[in-house]
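The file my_file-v9.txt comes next; it holds compact mmCIF, C-alpha atoms and all ligand atoms.
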# COMPACT_ATOMS: atom_id res chain seq x y z
CA MET A 159 -17.46 17.99 -30.21
CA PRO A 160 -20.31 15.50 -29.95
CA HIS A 161 -20.05 12.11 -31.62
CA PRO A 162 -22.66 11.50 -34.34
CA VAL A 163 -23.94 7.91 -34.18
CA LYS A 164 -26.59 5.96 -36.05
CA ILE A 165 -29.39 4.07 -34.37
CA LEU A 166 -29.05 0.42 -35.38
CA ARG A 167 -32.06 -1.10 -33.64
CA THR A 168 -34.95 -0.07 -31.44
CA GLU A 169 -37.69 -1.95 -29.61
CA PHE A 170 -40.21 -1.24 -26.90
CA ILE A 171 -39.42 -3.52 -23.95
CA THR A 172 -42.29 -2.27 -21.76
CA PRO A 173 -45.31 -0.14 -22.78
CA ASP A 174 -43.27 3.06 -22.36
CA VAL A 175 -39.62 2.03 -22.28
CA LYS A 176 -37.63 1.78 -25.49
CA ARG A 177 -34.30 0.10 -26.02
CA PHE A 178 -31.84 1.69 -28.46
CA VAL A 179 -28.77 0.00 -29.89
CA VAL A 180 -26.45 2.54 -31.47
CA ASP A 181 -23.00 2.71 -33.03
CA ARG A 182 -20.09 2.99 -30.67
CA PRO A 183 -17.73 5.83 -31.58
CA LYS A 184 -14.10 4.76 -31.90
CA GLY A 185 -12.21 4.95 -28.60
CA TYR A 186 -15.39 5.85 -26.69
CA LYS A 187 -14.97 4.52 -23.12
CA PHE A 188 -17.22 4.45 -20.07
CA VAL A 189 -17.49 2.61 -16.77
CA PRO A 190 -20.64 0.77 -15.62
CA GLY A 191 -23.14 3.24 -14.16
CA GLN A 192 -21.97 6.19 -16.24
CA ALA A 193 -24.25 8.25 -18.45
CA THR A 194 -23.85 10.69 -21.30
CA ASP A 195 -25.73 13.65 -22.68
CA VAL A 196 -27.64 12.66 -25.79
CA ALA A 197 -29.24 14.88 -28.44
CA ILE A 198 -31.25 14.06 -31.53
CA ASP A 199 -29.16 14.72 -34.64
CA ARG A 200 -31.75 16.83 -36.43
CA PRO A 201 -31.92 20.58 -37.02
CA GLY A 202 -33.35 22.32 -33.97
CA TYR A 203 -32.63 19.42 -31.62
CA GLU A 204 -28.82 19.39 -31.46
CA ASP A 205 -28.69 21.57 -28.36
CA GLN A 206 -31.41 19.78 -26.43
CA LEU A 207 -29.19 17.50 -24.35
CA ARG A 208 -30.71 14.85 -22.11
CA PRO A 209 -28.71 12.45 -19.90
CA PHE A 210 -29.06 8.69 -20.45
CA THR A 211 -27.13 5.78 -18.99
CA PHE A 212 -25.19 3.14 -20.91
CA THR A 213 -26.72 -0.24 -20.14
CA CYS A 214 -24.41 -2.43 -22.25
CA LEU A 215 -21.17 -4.07 -21.15
CA THR A 216 -18.14 -1.81 -21.32
CA THR A 217 -16.68 -4.19 -23.91
CA ALA A 218 -19.76 -4.20 -26.19
CA ARG A 219 -19.27 -3.34 -29.85
CA ARG A 220 -22.51 -1.36 -29.88
CA LEU A 221 -23.89 0.95 -27.20
CA GLU A 222 -27.26 0.33 -25.61
CA PHE A 223 -29.62 2.79 -23.93
CA ILE A 224 -32.89 1.97 -22.21
CA ILE A 225 -35.11 5.04 -22.24
CA LYS A 226 -38.45 5.83 -20.69
CA ILE A 227 -40.59 7.68 -23.21
CA TYR A 228 -42.78 10.48 -21.86
CA GLY A 229 -45.32 10.45 -24.70
CA ASP A 230 -47.78 12.89 -23.18
CA HIS A 231 -45.24 15.67 -22.83
CA ASP A 232 -43.56 17.41 -25.74
CA GLY A 233 -39.96 16.74 -24.73
CA VAL A 234 -37.00 14.92 -26.23
CA THR A 235 -38.09 11.44 -25.12
CA LYS A 236 -41.37 11.85 -27.02
CA GLN A 237 -39.28 12.38 -30.17
CA LEU A 238 -37.00 9.45 -29.24
CA GLY A 239 -40.16 7.35 -29.09
CA LEU A 240 -40.70 8.09 -32.79
CA MET A 241 -37.14 7.33 -33.92
CA HIS A 242 -36.01 4.24 -35.80
CA ALA A 243 -32.96 2.43 -37.11
CA GLY A 244 -31.03 4.72 -39.45
CA ASP A 245 -31.85 7.94 -37.55
CA GLY A 246 -28.98 9.81 -35.89
CA LEU A 247 -28.08 10.80 -32.34
CA LEU A 248 -25.31 12.96 -30.94
CA LEU A 249 -23.42 11.57 -27.94
CA HIS A 250 -21.38 13.77 -25.65
CA GLU A 251 -18.66 12.59 -23.24
CA PRO A 252 -19.51 10.00 -20.58
CA PHE A 253 -19.80 11.32 -17.06
CA GLY A 254 -19.94 9.65 -13.69
CA ALA A 255 -23.19 9.07 -11.93
CA ILE A 256 -23.35 5.93 -9.80
CA THR A 257 -20.41 3.54 -9.66
CA TYR A 258 -20.03 0.17 -7.99
CA GLN A 259 -18.36 0.34 -4.61
CA GLY A 260 -18.77 -3.22 -3.40
CA PRO A 261 -21.60 -5.67 -2.72
CA GLY A 262 -24.85 -4.23 -1.47
CA PHE A 263 -28.53 -3.61 -1.92
CA PHE A 264 -29.70 -1.79 -5.06
CA ILE A 265 -33.05 0.03 -4.99
CA ALA A 266 -34.46 1.44 -8.23
CA GLY A 267 -37.58 3.37 -9.09
CA GLY A 268 -38.73 2.81 -12.69
CA ALA A 269 -36.10 3.74 -15.29
CA GLY A 270 -33.71 4.43 -12.39
CA VAL A 271 -32.68 0.81 -12.82
CA THR A 272 -30.50 1.63 -15.86
CA PRO A 273 -27.18 2.25 -14.03
CA PHE A 274 -27.81 -0.92 -12.01
CA ILE A 275 -28.34 -2.92 -15.21
CA ALA A 276 -24.89 -1.84 -16.40
CA ILE A 277 -23.28 -2.58 -13.03
CA LEU A 278 -25.01 -5.94 -12.52
CA ARG A 279 -24.34 -7.13 -16.07
CA ASP A 280 -20.68 -6.27 -15.55
CA LEU A 281 -20.54 -8.16 -12.23
CA HIS A 282 -22.37 -11.11 -13.80
CA LYS A 283 -19.83 -11.29 -16.58
CA LYS A 284 -17.03 -11.28 -14.01
CA ASP A 285 -18.87 -13.87 -11.89
CA LYS A 286 -18.96 -11.43 -8.99
CA LEU A 287 -22.68 -10.95 -8.41
CA LYS A 288 -22.64 -12.66 -5.04
CA GLY A 289 -23.77 -10.48 -2.15
CA ASN A 290 -25.85 -8.14 -4.31
CA THR A 291 -29.64 -7.73 -4.24
CA LEU A 292 -31.80 -5.64 -6.54
CA LEU A 293 -35.18 -4.24 -5.52
CA VAL A 294 -37.20 -2.50 -8.23
CA SER A 295 -40.38 -0.51 -7.85
CA ASN A 296 -42.73 -0.20 -10.83
CA HIS A 297 -46.36 0.63 -11.45
CA THR A 298 -47.25 -2.89 -12.63
CA ALA A 299 -45.57 -6.17 -13.54
CA ASN A 300 -45.65 -5.10 -17.22
CA ASP A 301 -43.42 -2.15 -16.43
CA VAL A 302 -40.49 -4.15 -15.07
CA ILE A 303 -37.44 -3.52 -17.24
CA LEU A 304 -35.50 -6.66 -18.32
CA ASP A 305 -37.51 -8.80 -15.92
CA ASP A 306 -36.37 -12.15 -17.36
CA GLU A 307 -32.70 -11.26 -17.60
CA LEU A 308 -32.54 -9.83 -14.08
CA ALA A 309 -34.44 -12.80 -12.66
CA LYS A 310 -32.02 -15.17 -14.36
CA MET A 311 -28.98 -13.26 -13.14
CA LEU A 312 -30.07 -12.64 -9.57
CA GLY A 313 -32.60 -15.39 -8.78
CA ARG A 314 -34.09 -14.82 -5.33
CA HIS A 315 -31.97 -11.69 -4.99
CA PHE A 316 -34.23 -9.91 -7.50
CA LEU A 317 -37.16 -8.32 -5.66
CA LYS A 318 -40.09 -6.40 -7.11
CA VAL A 319 -42.82 -4.20 -5.69
CA PHE A 320 -45.72 -2.81 -7.69
CA THR A 321 -47.47 0.40 -6.87
CA ARG A 322 -50.50 0.08 -9.17
CA GLN A 323 -51.02 -3.61 -9.77
CA HIS A 324 -54.78 -3.99 -9.94
CA VAL A 325 -54.66 -7.76 -9.97
CA ILE A 326 -55.90 -10.14 -7.33
CA GLY A 327 -53.02 -11.84 -5.62
CA PHE A 328 -50.64 -8.89 -5.90
CA ARG A 329 -50.10 -6.53 -3.04
CA GLU A 330 -50.12 -2.93 -4.08
CA ARG A 331 -47.67 -0.96 -2.09
CA ARG A 332 -45.04 1.70 -2.21
CA ILE A 333 -41.67 1.01 -0.70
CA ASP A 334 -42.29 2.15 2.83
CA ARG A 335 -40.44 1.58 6.09
CA ASP A 336 -42.11 -1.77 6.74
CA THR A 337 -41.32 -3.01 3.23
CA LEU A 338 -37.67 -2.10 3.74
CA VAL A 339 -37.50 -3.85 7.10
CA VAL A 340 -38.92 -7.05 5.61
CA LEU A 341 -36.97 -7.03 2.36
CA VAL A 342 -33.61 -5.60 3.43
CA GLN A 343 -33.19 -7.03 6.94
CA ASN A 344 -29.51 -6.12 7.11
CA PHE A 345 -28.92 -2.36 7.18
CA ASP A 346 -25.22 -2.76 7.75
CA GLN A 347 -24.39 -2.90 4.05
CA LYS A 348 -23.99 -0.62 1.05
CA PHE A 349 -27.11 0.82 -0.55
CA TYR A 350 -27.41 2.07 -4.10
CA VAL A 351 -30.50 4.15 -4.80
CA CYS A 352 -31.60 5.56 -8.17
CA GLY A 353 -34.87 6.91 -9.55
CA PRO A 354 -36.89 10.10 -9.61
CA ASP A 355 -35.63 12.69 -7.08
CA PRO A 356 -38.51 12.26 -4.58
CA PHE A 357 -37.99 8.46 -4.69
CA VAL A 358 -34.26 8.78 -3.95
CA LYS A 359 -34.94 11.27 -1.17
CA ASP A 360 -37.66 9.12 0.45
CA ILE A 361 -35.77 5.85 0.27
CA SER A 362 -32.49 7.37 1.44
CA GLY A 363 -34.24 8.97 4.41
CA MET A 364 -35.88 5.70 5.41
CA LEU A 365 -32.62 3.76 5.06
CA LEU A 366 -30.82 6.21 7.33
CA ASP A 367 -33.67 6.01 9.85
CA LEU A 368 -33.34 2.25 9.84
CA GLY A 369 -29.65 2.39 10.64
CA ALA A 370 -27.88 2.54 7.27
CA ARG A 371 -24.72 4.62 7.44
CA ALA A 372 -24.63 7.83 5.40
CA GLU A 373 -21.26 6.82 3.94
CA SER A 374 -22.75 3.50 2.79
CA LEU A 375 -25.37 5.23 0.66
CA VAL A 376 -24.50 5.55 -3.03
CA VAL A 377 -26.83 7.92 -4.86
CA GLU A 378 -26.35 10.06 -7.91
CA GLU A 379 -24.94 13.45 -6.93
C1 LIG B 1 -27.39 11.00 -14.90
C2 LIG B 1 -28.76 10.63 -15.45
C3 LIG B 1 -28.94 9.47 -16.15
C4 LIG B 1 -30.20 9.12 -16.68
N1 LIG B 1 -30.35 7.94 -17.34
C5 LIG B 1 -31.57 7.60 -17.84
C6 LIG B 1 -31.75 6.37 -18.54
O1 LIG B 1 -30.82 5.58 -18.73
N2 LIG B 1 -33.00 6.08 -19.00
C7 LIG B 1 -34.06 6.94 -18.83
O2 LIG B 1 -35.17 6.62 -19.27
N3 LIG B 1 -33.91 8.11 -18.18
C8 LIG B 1 -32.70 8.46 -17.70
N4 LIG B 1 -32.55 9.66 -17.05
C9 LIG B 1 -33.72 10.59 -17.00
C10 LIG B 1 -33.84 11.30 -18.36
O3 LIG B 1 -32.70 12.11 -18.55
C11 LIG B 1 -35.13 12.14 -18.44
O4 LIG B 1 -36.24 11.33 -18.35
C12 LIG B 1 -35.16 12.89 -19.77
O5 LIG B 1 -34.16 13.87 -19.76
C13 LIG B 1 -36.52 13.50 -20.02
O6 LIG B 1 -36.41 14.26 -21.18
P1 LIG B 1 -37.67 14.93 -21.86
O7 LIG B 1 -37.15 15.98 -22.80
O8 LIG B 1 -38.57 13.91 -22.45
O9 LIG B 1 -38.42 15.59 -20.67
P2 LIG B 1 -38.12 17.03 -20.05
O10 LIG B 1 -38.81 18.06 -20.85
O11 LIG B 1 -36.68 17.23 -19.81
O12 LIG B 1 -38.87 16.82 -18.66
C14 LIG B 1 -38.23 16.11 -17.63
C15 LIG B 1 -39.24 15.53 -16.66
O13 LIG B 1 -40.24 16.42 -16.31
C16 LIG B 1 -41.51 15.89 -16.51
N5 LIG B 1 -42.30 16.95 -17.19
C17 LIG B 1 -41.85 18.18 -17.50
N6 LIG B 1 -42.81 18.89 -18.07
C18 LIG B 1 -43.90 18.12 -18.14
C19 LIG B 1 -45.20 18.32 -18.64
N7 LIG B 1 -45.59 19.46 -19.18
N8 LIG B 1 -46.04 17.27 -18.57
C20 LIG B 1 -45.69 16.12 -18.02
N9 LIG B 1 -44.46 15.90 -17.53
C21 LIG B 1 -43.58 16.88 -17.58
C22 LIG B 1 -41.37 14.66 -17.32
O14 LIG B 1 -42.18 13.65 -16.71
C23 LIG B 1 -39.92 14.31 -17.18
O15 LIG B 1 -39.74 13.35 -16.16
C24 LIG B 1 -31.31 10.01 -16.51
C25 LIG B 1 -31.12 11.20 -15.80
C26 LIG B 1 -29.88 11.52 -15.27
C27 LIG B 1 -29.70 12.81 -14.50
What's the structure tokens form of this structure?
Ligand SMILES: Cc1cc2nc3c(=O)[nH]c(=O)nc-3n(C[C@H](O)[C@H](O)[C@H](O)COP(=O)(O)OP(=O)(O)OC[C@H]3O[C@@H](n4cnc5c(N)ncnc54)[C@H](O)[C@@H]3O)c2cc1C
Amino acid sequence: MPHPVKILRTEFITPDVKRFVVDRPKGYKFVPGQATDVAIDRPGYEDQLRPFTFTCLTTARRLEFIIKIYGDHDGVTKQLGLMHAGDGLLLHEPFGAITYQGPGFFIAGGAGVTPFIAILRDLHKKDKLKGNTLLVSNHTANDVILDDELAKMLGRHFLKVFTRQHVIGFRERRIDRDTLVVLVQNFDQKFYVCGPDPFVKDISGMLLDLGARAESLVVEE
């Protein structure tokens, strides 16, 4: 049976990414990086399950989700974009996606950063962030999710590339082989990759080409 929860707070944290704080059902446990199927608690929507990742600490009293809203497409996230405090969601059981398996290099495309937020916040709390680097790829600087918090946590180990930054002084680029060589340097480490399927496929392929070991690649199965 799904858990009915109330939305307590919402806010847009980038032009198309919305943060939701919701009730935490009693005894509801997850590990950093896990996700759950979410439905809108409204007639006609209960069976439209969409996976989203917990971004809060495992000990948090409330659950947090950070969700990219696809406003130009009539799906569930468009509806989530219109929801407010007091509205209801249905949460299913947490399931594994990406879990932390030791220090390494995290590479996220857009909202693919959500499991890494959970993992890095957890490590930060335990004072175990050392040895980890996060590289995020976004369209523009305005699209970076939790820019300030991640910069504070990771300092020079927080790297950003922008694919559509039409501003003088910024280099527009996708993460290509050359970018990886410059930014990663050491391919003898763990790599965590999350984002849209083509992004994960591309990046994983390039990492393997550059000498990363297949068993050191952590991607969502
Ligand atoms: C394990 C897991 C965890 C996830 N965690 C998160 C998270 O924490 N935060 C987050 O933001 N996302 C997360 N996602 C992705 C998220 O589940 C999807 O973005 C969401 O399900 C989209 O739902 P939707 O109903 O709006 O779109 P759907 O109708 O399900 O469409 C899915 C995708 O297809 C595209 N699409 C389909 N049809 C059209 C169309 N006609 N026009 C334009 N585009 C179209 C959309 O761009 C969208 O990306 C996660 C996915 C997985 C598998």
Counting all atoms listed in the file, name the residues that have an atom within 6 Å of an atom of ligand LIG 1 (chain B); the answer should be given as a PDB file with C-alpha atoms, keeping the file's coordinate frame.
ATOM      1  CA  ALA A 193     -24.250   8.250 -18.450  1.00  0.00           C
ATOM      2  CA  ARG A 208     -30.710  14.850 -22.110  1.00  0.00           C
ATOM      3  CA  PRO A 209     -28.710  12.450 -19.900  1.00  0.00           C
ATOM      4  CA  PHE A 210     -29.060   8.690 -20.450  1.00  0.00           C
ATOM      5  CA  THR A 211     -27.130   5.780 -18.990  1.00  0.00           C
ATOM      6  CA  ILE A 224     -32.890   1.970 -22.210  1.00  0.00           C
ATOM      7  CA  ILE A 225     -35.110   5.040 -22.240  1.00  0.00           C
ATOM      8  CA  LYS A 226     -38.450   5.830 -20.690  1.00  0.00           C
ATOM      9  CA  TYR A 228     -42.780  10.480 -21.860  1.00  0.00           C
ATOM     10  CA  HIS A 231     -45.240  15.670 -22.830  1.00  0.00           C
ATOM     11  CA  GLY A 233     -39.960  16.740 -24.730  1.00  0.00           C
ATOM     12  CA  VAL A 234     -37.000  14.920 -26.230  1.00  0.00           C
ATOM     13  CA  THR A 235     -38.090  11.440 -25.120  1.00  0.00           C
ATOM     14  CA  LYS A 236     -41.370  11.850 -27.020  1.00  0.00           C
ATOM     15  CA  ALA A 255     -23.190   9.070 -11.930  1.00  0.00           C
ATOM     16  CA  ALA A 269     -36.100   3.740 -15.290  1.00  0.00           C
ATOM     17  CA  THR A 272     -30.500   1.630 -15.860  1.00  0.00           C
TER      18      THR A 272
END
May I ask for the distance between atom CA of Phe345 of chain A and atom CA of Arg314 of chain A, given in Å to one decimal place?
->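 Atom-to-atom, atom CA of Phe345 of chain A to atom CA of Arg314 of chain A, that is 18.4 Å.
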Among listed residues A:Gly268, A:Gly191, A:Pro356, A:Pro162, nearest Phe320 of chain A (using all atoms listed in the file) =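 Nearest candidate to Phe320 of chain A out of A:Gly268, A:Gly191, A:Pro356, A:Pro162: A:Gly268.
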Please measure the separation of atom CA of Ala370 of chain A and atom CA of Lys286 of chain A, giving the value in Å to one decimal.
->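 Separation of atom CA of Ala370 of chain A and atom CA of Lys286 of chain A: 23.2 Å.
What separates atom CA of Gly353 of chain A from atom CA of Arg331 of chain A is a distance of 16.8 Å.
Nearest residue to His161 of chain A, choosing from A:Asp232, A:Glu373, A:Asp280, A:Asp181 and counting all atoms listed in the file: A:Asp181.
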From the set A:Gly369, A:Pro183, A:Pro190, A:Gly363, which residue has the shortest atom-to-atom contact distance to Ala276 of chain A, counting only C-alpha atoms?
-> A:Pro190
Kindly provide, as a list of chain:residue names, the polymer residues lying within 10 Å of (-26.0, 16.0, -30.2), counting all atoms listed in the file and using the coordinates exactly as they appear in the file.
->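 The distance filter leaves exactly A:Met159, A:Pro160, A:His161, A:Pro162, A:Val163, A:Asp195, A:Val196, A:Ala197, A:Ile198, A:Asp199, A:Arg200, A:Tyr203, A:Glu204, A:Asp205, A:Gln206, A:Leu207, A:Arg208, A:Gly246, A:Leu247, A:Leu248, A:Leu249, A:His250.
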Size and centre in Å, one decimal, axis-aligned box, all listed segment 212-221 of chain A atoms plus 8 Å per side, as lines of an AutoDock Vina configuration file:
center_x = -21.7
center_y = -0.5
center_z = -25.0
size_x = 26.0
size_y = 23.3
size_z = 25.7
Have a look at A:Asp306, A:Asp174, A:Asp336, A:Asp355 and name the one nearest to Ile227 of chain A; count only C-alpha atoms.
->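 With only C-alpha atoms as the atom set, the closest residue is A:Asp174.
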Have segment 181-207 of chain A completed to N, CA and C atoms, please, and pass it along as an mmCIF file, keeping the file's coordinate frame.
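Generated output (result_25.cif):
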data_model
loop_
_atom_site.group_PDB
_atom_site.id
_atom_site.type_symbol
_atom_site.label_atom_id
_atom_site.label_comp_id
_atom_site.auth_asym_id
_atom_site.auth_seq_id
_atom_site.Cartn_x
_atom_site.Cartn_y
_atom_site.Cartn_z
ATOM 1 N N ASP A 181 -24.429 2.830 -32.754
ATOM 2 C CA ASP A 181 -23.000 2.710 -33.030
ATOM 3 C C ASP A 181 -22.184 3.135 -31.830
ATOM 4 N N ARG A 182 -21.006 2.542 -31.720
ATOM 5 C CA ARG A 182 -20.090 2.990 -30.670
ATOM 6 C C ARG A 182 -18.954 3.781 -31.316
ATOM 7 N N PRO A 183 -18.815 5.045 -30.975
ATOM 8 C CA PRO A 183 -17.730 5.830 -31.580
ATOM 9 C C PRO A 183 -16.378 5.197 -31.240
ATOM 10 N N LYS A 184 -15.425 5.333 -32.114
ATOM 11 C CA LYS A 184 -14.100 4.760 -31.900
ATOM 12 C C LYS A 184 -13.462 5.358 -30.635
ATOM 13 N N GLY A 185 -12.920 4.480 -29.798
ATOM 14 C CA GLY A 185 -12.210 4.950 -28.600
ATOM 15 C C GLY A 185 -13.124 5.489 -27.505
ATOM 16 N N TYR A 186 -14.419 5.298 -27.650
ATOM 17 C CA TYR A 186 -15.390 5.850 -26.690
ATOM 18 C C TYR A 186 -15.481 4.910 -25.481
ATOM 19 N N LYS A 187 -15.056 5.387 -24.306
ATOM 20 C CA LYS A 187 -14.970 4.520 -23.120
ATOM 21 C C LYS A 187 -15.884 5.018 -22.001
ATOM 22 N N PHE A 188 -16.396 4.085 -21.232
ATOM 23 C CA PHE A 188 -17.220 4.450 -20.070
ATOM 24 C C PHE A 188 -17.066 3.353 -19.028
ATOM 25 N N VAL A 189 -17.467 3.652 -17.805
ATOM 26 C CA VAL A 189 -17.490 2.610 -16.770
ATOM 27 C C VAL A 189 -18.947 2.345 -16.403
ATOM 28 N N PRO A 190 -19.251 1.119 -15.914
ATOM 29 C CA PRO A 190 -20.640 0.770 -15.620
ATOM 30 C C PRO A 190 -21.263 1.766 -14.639
ATOM 31 N N GLY A 191 -22.450 2.259 -14.998
ATOM 32 C CA GLY A 191 -23.140 3.240 -14.160
ATOM 33 C C GLY A 191 -23.037 4.646 -14.727
ATOM 34 N N GLN A 192 -22.111 4.846 -15.663
ATOM 35 C CA GLN A 192 -21.970 6.190 -16.240
ATOM 36 C C GLN A 192 -23.057 6.490 -17.271
ATOM 37 N N ALA A 193 -23.242 7.775 -17.500
ATOM 38 C CA ALA A 193 -24.250 8.250 -18.450
ATOM 39 C C ALA A 193 -23.577 9.217 -19.424
ATOM 40 N N THR A 194 -24.332 9.647 -20.415
ATOM 41 C CA THR A 194 -23.850 10.690 -21.300
ATOM 42 C C THR A 194 -25.003 11.578 -21.710
ATOM 43 N N ASP A 195 -24.688 12.797 -22.118
ATOM 44 C CA ASP A 195 -25.730 13.650 -22.680
ATOM 45 C C ASP A 195 -25.979 13.246 -24.117
ATOM 46 N N VAL A 196 -27.247 13.103 -24.454
ATOM 47 C CA VAL A 196 -27.640 12.660 -25.790
ATOM 48 C C VAL A 196 -28.529 13.742 -26.410
ATOM 49 N N ALA A 197 -28.329 13.990 -27.703
ATOM 50 C CA ALA A 197 -29.240 14.880 -28.440
ATOM 51 C C ALA A 197 -29.668 14.174 -29.716
ATOM 52 N N ILE A 198 -30.791 14.594 -30.244
ATOM 53 C CA ILE A 198 -31.250 14.060 -31.530
ATOM 54 C C ILE A 198 -30.514 14.823 -32.627
ATOM 55 N N ASP A 199 -29.951 14.096 -33.580
ATOM 56 C CA ASP A 199 -29.160 14.720 -34.640
ATOM 57 C C ASP A 199 -30.093 15.185 -35.762
ATOM 58 N N ARG A 200 -30.760 16.296 -35.486
ATOM 59 C CA ARG A 200 -31.750 16.830 -36.430
ATOM 60 C C ARG A 200 -31.804 18.327 -36.175
ATOM 61 N N PRO A 201 -31.935 19.129 -37.233
ATOM 62 C CA PRO A 201 -31.920 20.580 -37.020
ATOM 63 C C PRO A 201 -32.932 20.998 -35.948
ATOM 64 N N GLY A 202 -32.467 21.845 -35.037
ATOM 65 C CA GLY A 202 -33.350 22.320 -33.970
ATOM 66 C C GLY A 202 -33.273 21.492 -32.702
ATOM 67 N N TYR A 203 -32.686 20.307 -32.789
ATOM 68 C CA TYR A 203 -32.630 19.420 -31.620
ATOM 69 C C TYR A 203 -31.208 19.246 -31.055
ATOM 70 N N GLU A 204 -30.205 19.702 -31.833
ATOM 71 C CA GLU A 204 -28.820 19.390 -31.460
ATOM 72 C C GLU A 204 -28.436 19.896 -30.073
ATOM 73 N N ASP A 205 -29.077 20.979 -29.651
ATOM 74 C CA ASP A 205 -28.690 21.570 -28.360
ATOM 75 C C ASP A 205 -29.577 21.117 -27.213
ATOM 76 N N GLN A 206 -30.520 20.263 -27.504
ATOM 77 C CA GLN A 206 -31.410 19.780 -26.430
ATOM 78 C C GLN A 206 -30.835 18.496 -25.854
ATOM 79 N N LEU A 207 -29.908 18.656 -24.904
ATOM 80 C CA LEU A 207 -29.190 17.500 -24.350
ATOM 81 C C LEU A 207 -29.985 16.882 -23.206
#
